[in-house]
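What follows is the content of start.cif, which has mmCIF, C-alpha atoms:
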data_query
loop_
_atom_site.label_atom_id
_atom_site.label_comp_id
_atom_site.auth_asym_id
_atom_site.auth_seq_id
_atom_site.Cartn_x
_atom_site.Cartn_y
_atom_site.Cartn_z
CA MET A 1 -61.22 28.49 8.45
CA ASN A 2 -58.80 27.32 5.78
CA ASP A 3 -56.35 24.62 6.95
CA ASP A 4 -54.60 23.92 3.62
CA ALA A 5 -51.29 25.28 4.92
CA GLN A 6 -51.19 22.68 7.70
CA TRP A 7 -51.36 19.88 5.17
CA ILE A 8 -48.59 21.45 3.11
CA ILE A 9 -46.31 21.77 6.15
CA LEU A 10 -47.04 18.15 7.14
CA MET A 11 -46.23 16.85 3.65
CA GLY A 12 -43.05 18.94 3.71
CA PHE A 13 -41.91 17.26 6.91
CA ILE A 14 -42.68 13.77 5.62
CA VAL A 15 -40.80 14.31 2.36
CA SER A 16 -37.84 15.98 4.05
CA PHE A 17 -37.50 13.06 6.50
CA SER A 18 -37.25 10.65 3.58
CA LEU A 19 -34.66 12.91 1.92
CA PHE A 20 -32.64 12.93 5.15
CA PHE A 21 -32.77 9.16 5.25
CA LEU A 22 -31.29 8.97 1.73
CA ALA A 23 -28.64 11.56 2.65
CA THR A 24 -27.61 9.43 5.64
CA VAL A 25 -27.11 6.42 3.36
CA ILE A 26 -24.84 8.47 1.07
CA ASP A 27 -22.99 9.89 4.08
CA GLN A 28 -22.21 6.39 5.40
CA SER A 29 -20.57 5.40 2.11
CA THR A 30 -17.60 7.70 2.85
CA LEU A 31 -17.10 6.01 6.19
CA VAL A 32 -17.28 2.57 4.59
CA GLY A 33 -14.63 3.51 2.02
CA GLN A 34 -12.34 4.87 4.70
CA THR A 35 -12.54 1.89 7.05
CA THR A 36 -12.07 -0.49 4.14
CA ALA A 37 -8.94 1.36 3.03
CA GLU A 38 -7.62 1.41 6.60
CA ASN A 39 -8.16 -2.30 7.00
CA VAL A 40 -6.46 -3.08 3.70
CA GLN A 41 -3.48 -1.02 4.82
CA ASP A 42 -3.33 -2.73 8.20
CA PHE A 43 -3.40 -6.16 6.61
CA GLY A 44 0.15 -6.67 5.35
CA LYS A 45 -0.70 -8.51 2.14
CA ASN A 46 2.24 -7.13 0.21
CA ASP A 47 4.64 -7.71 3.10
CA ILE A 48 3.60 -11.34 3.41
CA ARG A 49 3.84 -12.00 -0.33
CA ASP A 50 7.22 -10.33 -0.48
CA THR A 51 8.58 -12.24 2.51
CA ARG A 52 7.48 -15.64 1.26
CA ALA A 53 8.84 -14.82 -2.20
CA VAL A 54 12.29 -13.96 -0.86
CA ILE A 55 12.37 -17.08 1.30
CA ILE A 56 11.50 -19.35 -1.61
CA ASP A 57 13.94 -17.47 -3.86
CA ALA A 58 16.68 -18.07 -1.33
CA VAL A 59 16.31 -21.84 -1.79
CA TYR A 60 16.86 -21.64 -5.52
CA GLN A 61 19.56 -18.99 -5.63
CA ASP A 62 21.60 -20.25 -2.75
CA PRO A 63 20.76 -23.81 -1.75
CA THR A 64 24.00 -24.51 0.06
CA ASP A 65 23.76 -21.39 2.18
CA PHE A 66 20.10 -21.88 2.90
CA ASN A 67 20.46 -23.27 6.38
CA ASN A 68 23.80 -21.61 6.89
CA GLN A 69 22.10 -18.80 8.83
CA ASN A 70 23.42 -16.05 6.58
CA ILE A 71 20.46 -15.00 4.44
CA GLN A 72 18.14 -16.35 7.09
CA THR A 73 19.66 -14.05 9.72
CA ASP A 74 19.37 -11.14 7.26
CA ILE A 75 15.69 -11.73 6.68
CA GLU A 76 14.80 -12.36 10.31
CA ASN A 77 16.78 -9.44 11.76
CA ILE A 78 15.92 -6.81 9.14
CA SER A 79 12.22 -7.79 9.34
CA LEU A 80 12.29 -7.21 13.07
CA TYR A 81 14.22 -3.94 12.96
CA ARG A 82 12.72 -2.25 9.91
CA LYS A 83 9.25 -3.74 9.58
CA GLY A 84 8.34 -4.71 13.13
CA ALA A 85 7.51 -8.23 12.01
CA ILE A 86 8.67 -11.52 13.43
CA VAL A 87 9.69 -13.85 10.62
CA ASN A 88 10.84 -17.38 11.18
CA TYR A 89 11.46 -20.24 8.83
CA SER A 90 13.20 -23.56 8.51
CA SER A 91 13.63 -26.00 5.69
CA SER A 92 14.07 -29.72 5.35
CA SER A 93 14.37 -32.24 2.59
CA TYR A 94 12.32 -35.40 2.47
CA ASP A 95 12.09 -38.00 -0.29
CA GLY A 96 13.29 -35.55 -2.94
CA TYR A 97 10.96 -32.79 -1.78
CA THR A 98 12.01 -29.52 -0.25
CA ILE A 99 9.79 -28.45 2.60
CA ILE A 100 9.83 -24.92 4.04
CA VAL A 101 7.90 -23.99 7.15
CA MET A 102 7.36 -20.23 7.32
CA HIS A 103 5.96 -18.07 10.05
CA TYR A 104 5.11 -14.36 9.88
CA ASN A 105 3.65 -12.16 12.62
CA ASN A 106 3.48 -8.36 12.56
CA GLY A 107 1.27 -8.00 15.63
CA VAL A 108 -1.92 -7.65 13.62
CA THR A 109 -1.71 -10.51 11.15
CA VAL A 110 -0.26 -13.98 11.65
CA TYR A 111 0.59 -16.05 8.61
CA ASN A 112 1.87 -19.64 8.56
CA GLU A 113 2.69 -21.69 5.52
CA THR A 114 4.22 -25.04 4.76
CA TRP A 115 5.65 -24.91 1.27
CA THR A 116 6.52 -28.13 -0.57
CA SER A 117 8.19 -28.55 -3.93
CA PRO A 118 10.12 -31.28 -5.71
CA MET B 119 -65.75 10.68 -5.39
CA VAL B 120 -62.13 10.90 -6.40
CA ASP B 121 -60.49 14.29 -6.62
CA ASP B 122 -56.91 15.42 -7.27
CA ARG B 123 -56.31 17.60 -4.24
CA GLY B 124 -53.78 15.07 -2.91
CA GLN B 125 -51.55 15.61 -5.93
CA LEU B 126 -51.41 19.31 -5.27
CA TYR B 127 -50.57 18.73 -1.60
CA THR B 128 -47.73 16.37 -2.59
CA ILE B 129 -46.26 18.81 -5.10
CA GLU B 130 -46.43 21.64 -2.60
CA GLY B 131 -44.91 19.25 -0.05
CA PHE B 132 -41.91 18.69 -2.28
CA ALA B 133 -41.47 22.42 -2.73
CA ALA B 134 -41.68 22.96 1.00
CA ALA B 135 -39.25 20.06 1.66
CA ILE B 136 -36.65 21.44 -0.72
CA ILE B 137 -36.86 24.84 0.97
CA MET B 138 -36.45 23.24 4.41
CA VAL B 139 -33.58 20.94 3.40
CA PHE B 140 -31.77 23.77 1.66
CA THR B 141 -32.09 26.01 4.71
CA ILE B 142 -30.75 23.29 7.02
CA PHE B 143 -27.93 22.59 4.56
CA LEU B 144 -26.91 26.26 4.65
CA VAL B 145 -26.99 26.28 8.45
CA LEU B 146 -25.01 23.03 8.83
CA SER B 147 -22.44 23.72 6.12
CA SER B 148 -21.45 26.96 7.81
CA THR B 149 -20.36 25.02 10.92
CA THR B 150 -19.17 21.60 9.63
CA VAL B 151 -15.57 20.67 10.45
CA TYR B 152 -13.73 19.14 7.49
CA THR B 153 -11.91 15.90 8.32
CA PRO B 154 -9.69 14.50 5.54
CA GLY B 155 -10.75 10.91 6.09
CA ASP B 156 -10.56 10.09 2.42
CA SER B 157 -6.75 10.46 2.36
CA HIS B 158 -6.53 6.80 3.37
CA ILE B 159 -7.94 5.77 0.01
CA SER B 160 -5.37 7.73 -2.02
CA ASN B 161 -2.60 6.52 0.31
CA LEU B 162 -3.66 2.97 -0.40
CA GLN B 163 -3.52 3.54 -4.15
CA LEU B 164 -0.07 5.16 -3.88
CA GLU B 165 1.23 2.28 -1.76
CA GLN B 166 -0.07 -0.30 -4.21
CA LEU B 167 1.45 1.53 -7.18
CA GLY B 168 4.86 1.76 -5.50
CA HIS B 169 4.79 -1.87 -4.50
CA ASP B 170 3.81 -2.98 -8.01
CA VAL B 171 6.69 -1.03 -9.56
CA LEU B 172 9.24 -2.46 -7.12
CA TRP B 173 7.81 -5.95 -7.61
CA THR B 174 8.09 -5.62 -11.37
CA MET B 175 11.68 -4.42 -11.09
CA ASN B 176 12.46 -7.45 -8.94
CA LEU B 177 11.42 -9.90 -11.69
CA PRO B 178 14.01 -11.06 -14.25
CA PRO B 179 13.25 -9.28 -17.55
CA ALA B 180 13.61 -12.50 -19.59
CA SER B 181 13.70 -16.20 -18.86
CA ALA B 182 17.38 -16.25 -19.77
CA SER B 183 18.24 -13.43 -17.36
CA ALA B 184 20.14 -14.52 -14.30
CA GLN B 185 19.03 -11.59 -12.20
CA SER B 186 16.36 -8.93 -12.03
CA LEU B 187 16.92 -5.23 -12.66
CA LEU B 188 16.71 -4.51 -8.96
CA GLN B 189 19.33 -7.15 -8.15
CA GLN B 190 21.52 -5.69 -10.86
CA TYR B 191 21.22 -2.10 -9.61
CA ILE B 192 21.82 -2.95 -5.96
CA GLY B 193 24.60 -5.36 -6.95
CA GLU B 194 26.38 -2.61 -8.90
CA ASN B 195 25.38 0.11 -6.43
CA ASN B 196 23.95 1.89 -9.46
CA ALA B 197 21.62 4.62 -8.21
CA VAL B 198 21.40 6.42 -11.57
CA SER B 199 19.83 3.49 -13.43
CA PHE B 200 17.56 2.76 -10.48
CA ASN B 201 16.35 6.35 -10.60
CA THR B 202 15.57 6.16 -14.33
CA THR B 203 13.70 2.85 -14.16
CA PHE B 204 11.78 3.65 -11.01
CA MET B 205 10.74 7.14 -12.14
CA ASN B 206 9.48 5.67 -15.42
CA GLY B 207 7.58 3.03 -13.50
CA ILE B 208 5.73 5.38 -11.18
CA ASN B 209 5.23 8.38 -13.45
CA ASN B 210 4.47 7.05 -16.94
CA LYS B 211 0.87 7.32 -17.97
CA THR B 212 -1.10 6.66 -21.10
CA GLY B 213 -0.34 9.49 -23.51
CA PHE B 214 2.45 12.01 -23.25
CA ALA B 215 1.69 13.57 -19.87
CA THR B 216 3.61 12.20 -16.91
CA ASP B 217 2.59 12.04 -13.27
CA THR B 218 4.33 14.06 -10.54
CA LEU B 219 5.24 11.39 -8.00
CA GLN B 220 8.56 11.73 -6.17
CA TYR B 221 10.48 9.21 -4.10
CA SER B 222 13.42 8.66 -1.79
CA ALA B 223 14.90 5.16 -1.59
CA SER B 224 17.23 3.51 0.90
CA VAL B 225 18.79 0.08 1.29
CA THR B 226 18.95 -1.73 4.62
CA CYS B 227 21.43 -4.55 5.17
CA ARG B 228 23.02 -6.44 8.02
CA ASP B 229 26.70 -6.37 8.89
CA GLY B 230 27.25 -8.83 11.72
CA SER B 231 24.88 -7.66 14.43
CA ASN B 232 24.51 -4.14 13.00
CA ILE B 233 21.55 -3.15 10.86
CA ILE B 234 22.75 -0.48 8.45
CA GLN B 235 20.41 1.73 6.47
CA THR B 236 22.00 3.82 3.72
CA PRO B 237 20.36 6.30 1.31
CA PHE B 238 20.39 4.88 -2.21
CA ALA B 239 18.58 7.07 -4.72
CA TYR B 240 16.11 9.91 -4.65
CA SER B 241 14.33 12.26 -7.01
CA ARG B 242 13.86 15.09 -4.49
CA ASN B 243 15.38 15.97 -1.16
CA MET B 244 12.88 15.36 1.60
CA THR B 245 11.87 18.41 3.59
CA GLY B 246 9.74 16.59 6.15
CA ARG B 247 6.55 18.21 4.92
CA GLU B 248 5.69 15.44 2.47
CA HIS B 249 2.77 13.17 3.12
CA ALA B 250 4.67 10.03 2.15
CA VAL B 251 3.84 6.33 2.17
CA ARG B 252 6.44 3.60 2.59
CA VAL B 253 6.84 0.56 0.36
CA THR B 254 9.44 -2.17 0.77
CA GLN B 255 10.92 -4.94 -1.33
CA TRP B 256 13.30 -7.76 -0.43
CA VAL B 257 16.16 -8.41 -2.80
CA LEU B 258 18.80 -11.16 -2.86
CA VAL B 259 22.18 -9.82 -3.97
CA GLN B 260 25.87 -10.60 -4.07
CA GLN B 261 27.05 -7.51 -2.25
CA THR B 262 28.88 -6.37 0.82
CA CYS B 263 27.26 -4.42 3.61
CA PRO B 264 27.36 -1.42 3.36
CA LEU B 265 27.14 -1.39 -0.44
CA SER B 266 30.36 -1.09 -2.41
CA PRO B 267 30.53 -0.02 -6.08
CA GLY B 268 31.74 -2.15 -8.97
CA GLY B 269 29.45 -5.00 -9.68
CA PRO B 270 28.36 -8.12 -7.85
CA ILE B 271 30.84 -9.22 -5.23
CA PRO B 272 30.86 -13.04 -5.27
CA GLY B 273 30.69 -14.96 -2.06
CA ASN B 274 28.55 -12.41 -0.29
CA PRO B 275 24.95 -13.60 -0.65
CA HIS B 276 22.73 -11.25 1.31
CA ALA B 277 19.09 -10.44 1.64
CA MET B 278 18.64 -6.66 1.65
CA LEU B 279 15.55 -4.55 2.10
CA VAL B 280 14.83 -1.75 -0.36
CA GLU B 281 12.64 0.89 1.28
CA VAL B 282 11.01 3.65 -0.74
CA LEU B 283 9.18 6.70 0.55
CA LEU B 284 6.72 7.81 -2.08
CA TRP B 285 4.71 11.01 -2.26
CA ARG B 286 2.75 13.10 -4.69
CA GLU B 287 4.14 16.53 -5.36
#

Can the structure in the file be given as structure tokens, please?
Amino acid sequence: MNDDAQWIILMGFIVSFSLFFLATVIDQSTLVGQTTAENVQDFGKNDIRDTRAVIIDAVYQDPTDFNNQNIQTDIENISLYRKGAIVNYSSSSYDGYTIIVMHYNNGVTVYNETWTSP
Amino acid sequence: MVDDRGQLYTIEGFAAAIIMVFTIFLVLSSTTVYTPGDSHISNLQLEQLGHDVLWTMNLPPASASAQSLLQQYIGENNAVSFNTTFMNGINNKTGFATDTLQYSASVTCRDGSNIIQTPFAYSRNMTGREHAVRVTQWVLVQQTCPLSPGGPIPGNPHAMLVEVLLWRE
């Protein structure tokens, strides 16, 4: 009896299992790219940068109005209504330094910063 | 005694494996459901591009400039210049070909306890079928709320939010 064909079938199975293993690795890469992109979108990096930039800008462009609740109310209310983020900040002056305490929370990411500058 | 029968088995094994994998591929591909999971990646790129353009427009063009282009446009309520600058920013590419991105921008401001959102500039009317992403940019301007034409209006410092819906046509 000739049993060559059995060996060929067995080798075929072994090789195809290894090919399937490699295909699974490639298949997972799509998932990794998607979840990474989703996470980057959920993390409000640009929102946080933008918010802290406008707060610091407000000190320079309008120092007298800074704690006059005008721009501050703008930023806090519009953030809440249009971006769903709670933004809070206050400033003080100490020994010639301006100190701003900022707080940002959009439900997913919380960001706190104490900013100091002469 | 060493012989080379194993080599032949391996080669035939590869041939058999390719036939099997190809058959299974044909069977599976006839039933696979396509899910557009990759759209997140292109959305992310679109969002970053829009944010970068708005960010650039919100920087003063020279160290002597008192205000940025964005402050100037919102301050003058100048939608035409905003349209030109923003369309150049999102659509210019290396070479002569331009991209086909479209946008619709609005400005949100606060009048007392009211939050007012007004359309500002757009390159296409929105039909509701667009797959758009939203980018935002804060801007500090001397303007009333809602916006009035004719240049910066002194004594009205406000923080306003520029919101842009961006999509690929």

Hey, which of B:Met138, B:Leu144, B:Pro267, B:Val257 ends up closest to Leu187 in chain B? Count only C-alpha atoms.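 Of all the options, B:Val257 lies closest to Leu187 in chain B.
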
Can you list, as a VMD selection string, every protein, DNA or RNA residue that comes within 9 Å of Phe17 in chain A when you count all atoms listed in the file, leaving out same-chain residues fewer than 5 positions away? (chain A and resid 12 22) or (chain B and resid 135)

Give me the residues near range 32-45 of chain A as a ChimeraX atom specification, where near means some atom within 9 Å (using all atoms listed in the file) and where sequence neighbours in that chain fewer than 6 positions away do not count. /A:106,108-109 /B:155-162,165

Using only C-alpha atoms, select each residue of chain A with any atom at most 9 Å away from an atom of chain B, and give the selection as a VMD selection string. chain A and resid 4 7 to 17 19 to 20 30 to 31 33 to 38 40 to 41 46 to 47 50 to 51 53 to 54 57 to 58 61 to 62 65 70 to 75 77 to 79 81 to 83

Atom pair CA of Ser224 in chain B + CA of Gly269 in chain B, distance 18.3 Å

Ranking B:Phe140, B:Val282, B:Gln189, B:Gln261 by minimum distance to Val171 in chain B and counting all atoms listed in the file, which one comes first?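 Closest residue, counting all atoms listed in the file: B:Val282.
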
Distance in Å - CA of Ser148 in chain B versus CA of Arg247 in chain B: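 Here the two named atoms are 29.5 Å from each other.
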
So which residues touch range 209-213 of chain B within 12 Å, counting all atoms listed in the file, skipping near sequence neighbours fewer than 3 positions away, as a ChimeraX atom specification? /B:164,167-168,171,201-206,216-221,241,284-287

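The two atoms in question, CA of Ser199 in chain B and CA of Met244 in chain B, are spaced 20.4 Å apart.
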
Under the rule that all atoms listed in the file are counted, which of B:Leu283, B:Thr141, B:Phe214, B:Phe200 is the nearest residue to Gly246 in chain B?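 Using all atoms listed in the file, the shortest distance to Gly246 in chain B belongs to B:Leu283.
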
Could you give me, as a PDB file with C-alpha atoms, in the coordinates of the input, the residues within 9 Å of Ile99 in chain A, counting only C-alpha atoms and dropping anything in the same chain fewer than 2 positions from it?
ATOM      1  CA  SER A  90      13.200 -23.560   8.510  1.00  0.00           C
ATOM      2  CA  SER A  91      13.630 -26.000   5.690  1.00  0.00           C
ATOM      3  CA  SER A  92      14.070 -29.720   5.350  1.00  0.00           C
ATOM      4  CA  SER A  93      14.370 -32.240   2.590  1.00  0.00           C
ATOM      5  CA  TYR A  94      12.320 -35.400   2.470  1.00  0.00           C
ATOM      6  CA  TYR A  97      10.960 -32.790  -1.780  1.00  0.00           C
ATOM      7  CA  VAL A 101       7.900 -23.990   7.150  1.00  0.00           C
ATOM      8  CA  THR A 114       4.220 -25.040   4.760  1.00  0.00           C
ATOM      9  CA  TRP A 115       5.650 -24.910   1.270  1.00  0.00           C
ATOM     10  CA  THR A 116       6.520 -28.130  -0.570  1.00  0.00           C
ATOM     11  CA  SER A 117       8.190 -28.550  -3.930  1.00  0.00           C
ATOM     12  CA  PRO A 118      10.120 -31.280  -5.710  1.00  0.00           C
TER      13      PRO A 118
END

Just the residues within 7 Å of His103 in chain A, please, counting only C-alpha atoms, with nothing from its chain fewer than 5 positions along; format it as a ChimeraX atom specification. /A:87-89,111-113
